[in-house]
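Notes to accompany the following structure.
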There are 2 protein chains.
Amino acid sequence: MIKREEVLGKLPDLDNLLTPGEREQVLKEMQVHAYRKNEPIYSEGDKPSHLLCLISGKVKIYKDGVGGRAQIVRVVNAVEYFGYRAAFSDENYITAAAAFESSVIATIPIDLIRQLIMRNPQLAWFFLRRLAKALGRSDARTVNLTQKHIRGRLAESILFLKESYGVEEDGCTLSISPSREDMANLSNMTTSNAIRTLSVFVQEKLISLDGRRIKILDEPALQKTSRIG
Amino acid sequence: MIKREEVLGKLPDLDNLLTPGEREQVLKEMQVHAYRKNEPIYSEGDKPSHLLCLISGKVKIYKDGVGGRAQIVRVVNAVEYFGYRAAFSDENYITAAAAFESSVIATIPIDLIRQLIMRNPQLAWFFLRRLAKALGRSDARTVNLTQKHIRGRLAESILFLKESYGVEEDGCTLSISPSREDMANLSNMTTSNAIRTLSVFVQEKLISLDGRRIKILDEPALQKTSRIG
DNA sequence: ACATTTTTGTGTTTAAAAACATCTTTTGCT
DNA sequence: AGCAAAAGATGTTTTTAAACACAAAAATGT
């Protein structure tokens with residue numbers, strides 16, 4: 001178990017937008033949980049009760065679709081909030097979340113957050129901005145996933161992972177090493193096609209692979225592939 | 001030109017959540033414009049400057065994709081706000097909007113809205129809820145458009161139009177009569193396939209067609225088709 | 001009213017991706 | 001270490017939908 005006092009200081013905005021009294025209240029009600037790799041965090045249909053904040057690790061937000069195929073709709077990096085959309089619109093979760101890799105997550109009761117938002121316009125604006133950005137990305141993603149061909153979608157996913165989680169010290173190896181199935185679920189394709197197309201990208205020297213580790217060799221060409229297929 | 005005084009009374013929430021002084025300020029800065037059918041309202045890349053409110057008519061929000069094919073990502077019904085997402089996230093528009101049919105739209109400078117939000121948590125919460133709902137629908141839409149087959153996507157679009165715009169007095173004719181191209185752009189398919197699949201639905205007695213008018217004959221079967229294809 | 005353009009409808013061909021089958025490699029477990 | 005299960009790899013077949021081509025009907029402008 002992680003010390004809650006150490007965690008609050010890491011919470012962006014929630015820490016510095018609150019009055020000392022509010023901060024104390026959050027500290028009292030906050031809990032911290034650890035999740036192992038691939039462990040579910042919440043499931044579709046669950047009733048949301050807490051705002052979640054990813055303190056460390058990586059999280060995927062996905063939706064199960066036709067024939068057991070999942071689609072990853074968002075990914076979460078530390079330190080970011082998630083899991084509040086359904087609560088804000090008074091719905092049960094329509095997505096599921098799982099740890100991409102082992103993660104530590106702080107939870108704060110959503111009712112408390114709602115109270116803070118109603119008292120603190122800065123905080124309201126913070127979440128408004130986040131939702132607005134997420135909606136824009138979701139719209140763009142819809143079109144990319146529906147209209148691009150397999151090569152374009154996979155290239156885009158690789159660039160998406162770079163943008164979301166960054167790269168290691170070498171400047172080109174992705175900081176996250178997803179399974180082929182995860183790559184498929186990011187890119188709206190079958191696992192077979194993800195494997196196949198990754199191999200083609202290696203042959204074309206766009207990337208190199210070392211197990212699950214993906215190294216971007218030719219980013220401009222990858223961007224071009226993402227655009228035109 | 002429509003009288004601005006008559007319009008403000010129709011604005012949901014913005015009317016009843018504001019103090020008299022705030023209401024006066026909105027009235028002073030609000031403008032009203034009329035758009036003909038298919039007339040563009042804003043384009044991808046434009047800088048957003050106003051909150052838009054659809055007073056009457058119907059609006060489609062879409063995104064141009066690969067090879068001139070557009071994808072409709074949202075539709076707007078009267079009386080609803082739109083066009084604020086990009087402004088809230090400090091981006092230019094990443095979508096375009098056009099009148100589905102002739103429409104009247106009120107515009108309020110986004111800076112004024114931002115000020116009101118910072119002073120009025122109820123108003124902030126109103127927009128938070130709207131964005132949260134829109135994001136949920138967008139996520140669901142992503143999966144539906146990517147994973148379902150043509151029949152499922154088209155059936156879903158018909159039901160989506162019923163839900164969004166309702167039906168006429170007969171209880172089964174859609175209130176909106178989109179072109180085959182619009183149906184295709186809603187359903188992520190080519191116009192040819194929209195025409196073809198609509199014909200098949202007529203043969204199967206799921207719907208009947210009278211030009212652009214769509215009448216739902218067997219909603220349960222249409223829902224089943226939407227789910228399983 | 002008539003010519004022109006746009007929209008709708010239908011058949012055919014081609015390309016893309018899913019489904020399927022099989023095998024190898026890696027990983028996790030006790 | 002040894003076994004079972006999961007993940008990765010690859011070739012083949014089948015399905016799906018896009019692309020293409022053309023004709024008919026409807027809408028639009030003059």
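In the structure tokens, chains take letters A, B, ... by order of appearance, with residues numbered from 1 within each chain and ligands from 1 in the order shown.
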
Select from chain C every residue with an atom at most 9 Å from any atom of chain A, then for each give the shortest pair of atoms and their distance in Å to one decimal, using only C-alpha atoms (C1' of nucleotides), rows by chain and rising number, as a Markdown table.
| residue | atom | partner | partner_atom | distance |
| --- | --- | --- | --- | --- |
| C:DA16 | C1' | A:His149 | CA | 8.3 |
| C:DA17 | C1' | A:Ile150 | CA | 8.1 |
| C:DA18 | C1' | A:Thr190 | CA | 7.6 |

Atoms kept (C-alpha atoms (C1' of nucleotides)) for selection, written as an mmCIF file, in the first residue's frame:
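Heads up, here's the output in result-v3.cif:
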data_model
loop_
_atom_site.group_PDB
_atom_site.id
_atom_site.type_symbol
_atom_site.label_atom_id
_atom_site.label_comp_id
_atom_site.auth_asym_id
_atom_site.auth_seq_id
_atom_site.Cartn_x
_atom_site.Cartn_y
_atom_site.Cartn_z
ATOM 1 C "C1'" DA C 16 -8.893 -5.791 -49.220
ATOM 2 C "C1'" DA C 17 -9.256 -7.936 -45.113
ATOM 3 C "C1'" DA C 18 -11.369 -11.602 -42.367
#

- prompt: Taking only C-alpha atoms (C1' of nucleotides) into account, which residues of chain D are within 12 Å of chain B, as a ChimeraX atom specification?
  reply: /D:15-20,25-26

Residues near Ala97 (chain B), cut-off 6 Å, only C-alpha atoms (C1' of nucleotides), skip fewer than 6 positions along chain, as an mmCIF file with N, CA and C atoms, in the first residue's frame:
data_model
loop_
_atom_site.group_PDB
_atom_site.id
_atom_site.type_symbol
_atom_site.label_atom_id
_atom_site.label_comp_id
_atom_site.auth_asym_id
_atom_site.auth_seq_id
_atom_site.Cartn_x
_atom_site.Cartn_y
_atom_site.Cartn_z
ATOM 1 N N ILE B 41 -21.603 25.828 -42.370
ATOM 2 C CA ILE B 41 -21.692 26.696 -41.184
ATOM 3 C C ILE B 41 -20.293 27.023 -40.685
ATOM 4 N N TYR B 42 -19.465 26.007 -40.559
ATOM 5 C CA TYR B 42 -18.033 26.246 -40.353
ATOM 6 C C TYR B 42 -17.258 25.105 -41.004
ATOM 7 N N LYS B 60 -25.570 18.823 -39.475
ATOM 8 C CA LYS B 60 -24.672 17.671 -39.407
ATOM 9 C C LYS B 60 -23.252 18.137 -39.136
ATOM 10 N N ILE B 61 -22.554 17.415 -38.270
ATOM 11 C CA ILE B 61 -21.145 17.672 -37.975
ATOM 12 C C ILE B 61 -20.373 16.536 -38.617
#

field: DT27 (chain C) environment, 12 Å, only C-alpha atoms (C1' of nucleotides), sequence neighbours closer than 4 positions dropped, as a ChimeraX atom specification
entry: /D:3-8

Excluding Tyr62 (chain A) and residues on its chain fewer than 2 positions from it, collect all residues at most 12 Å away from it, counting only C-alpha atoms (C1' of nucleotides), and give them as a tab-separated table (two decimals) with C-alpha atoms, in the first residue's frame.
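Okay, result16.tsv is ready:
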chain	number	residue	atom	x	y	z
A	40	PRO	CA	-9.12	-5.10	-15.07
A	41	ILE	CA	-9.83	-1.73	-13.41
A	42	TYR	CA	-13.48	-1.35	-14.32
A	43	SER	CA	-15.83	-3.08	-16.71
A	44	GLU	CA	-18.52	-2.05	-19.15
A	59	VAL	CA	-3.83	2.10	-18.75
A	60	LYS	CA	-5.97	1.22	-21.78
A	64	ASP	CA	-15.69	-4.98	-26.47
A	65	GLY	CA	-17.29	-5.31	-29.85
A	69	ARG	CA	-12.87	-8.23	-30.66
A	70	ALA	CA	-12.00	-5.27	-28.48
A	71	GLN	CA	-11.29	-1.75	-29.66
A	72	ILE	CA	-8.96	0.43	-27.61
A	73	VAL	CA	-10.53	3.90	-27.67
A	74	ARG	CA	-8.07	5.77	-25.43
A	75	VAL	CA	-4.93	5.21	-23.47
A	76	VAL	CA	-3.97	6.86	-20.20
A	83	GLY	CA	-12.97	7.11	-15.38
A	93	TYR	CA	-19.46	2.78	-17.87
A	94	ILE	CA	-19.76	2.06	-21.58
A	95	THR	CA	-16.06	1.20	-21.78
A	96	ALA	CA	-13.74	-1.00	-19.76
A	97	ALA	CA	-10.31	-0.16	-18.39
A	98	ALA	CA	-7.34	-2.41	-17.72
A	99	ALA	CA	-3.72	-1.92	-16.78
A	100	PHE	CA	-1.49	-1.92	-19.85
A	182	ASP	CA	-3.15	-4.99	-28.30
A	185	ASN	CA	-7.14	-3.76	-30.89
A	186	LEU	CA	-5.64	-0.31	-31.27
A	187	SER	CA	-5.76	-0.50	-35.07
A	188	ASN	CA	-9.11	-2.15	-35.73
B	136	GLY	CA	-19.57	8.43	-24.72
B	139	ASP	CA	-16.70	6.09	-28.38
B	140	ALA	CA	-19.69	3.84	-29.03
B	142	THR	CA	-16.23	4.37	-33.22
B	143	VAL	CA	-16.74	0.72	-32.35

task: Would you kindly return, as a VMD selection string, each protein, DNA or RNA residue with an atom no farther than 12 Å from any atom of Glu91 (chain B), considering only C-alpha atoms (C1' of nucleotides) and excluding same-chain residues fewer than 5 positions away?
output: (chain A and resid 129 132 to 133 136 to 137) or (chain B and resid 44 to 49 83 to 86)

message: With only C-alpha atoms (C1' of nucleotides) as the counted atoms, please give the residues lying no more than 8 Å from region 118-123 of chain B, apart from itself and same-chain residues fewer than 2 positions off, as number ranges by chain.
response: A: 117-122, 124-125; B: 13-14, 17-18, 114-116, 125-127

task: Within region 26-174 of chain A, find each residue whose DSSP state, derived from the backbone, is strand (DSSP E), and express the selection as a ChimeraX atom specification.
output: /A:31-35,40-42,50-64,70-77,80-82,96-109
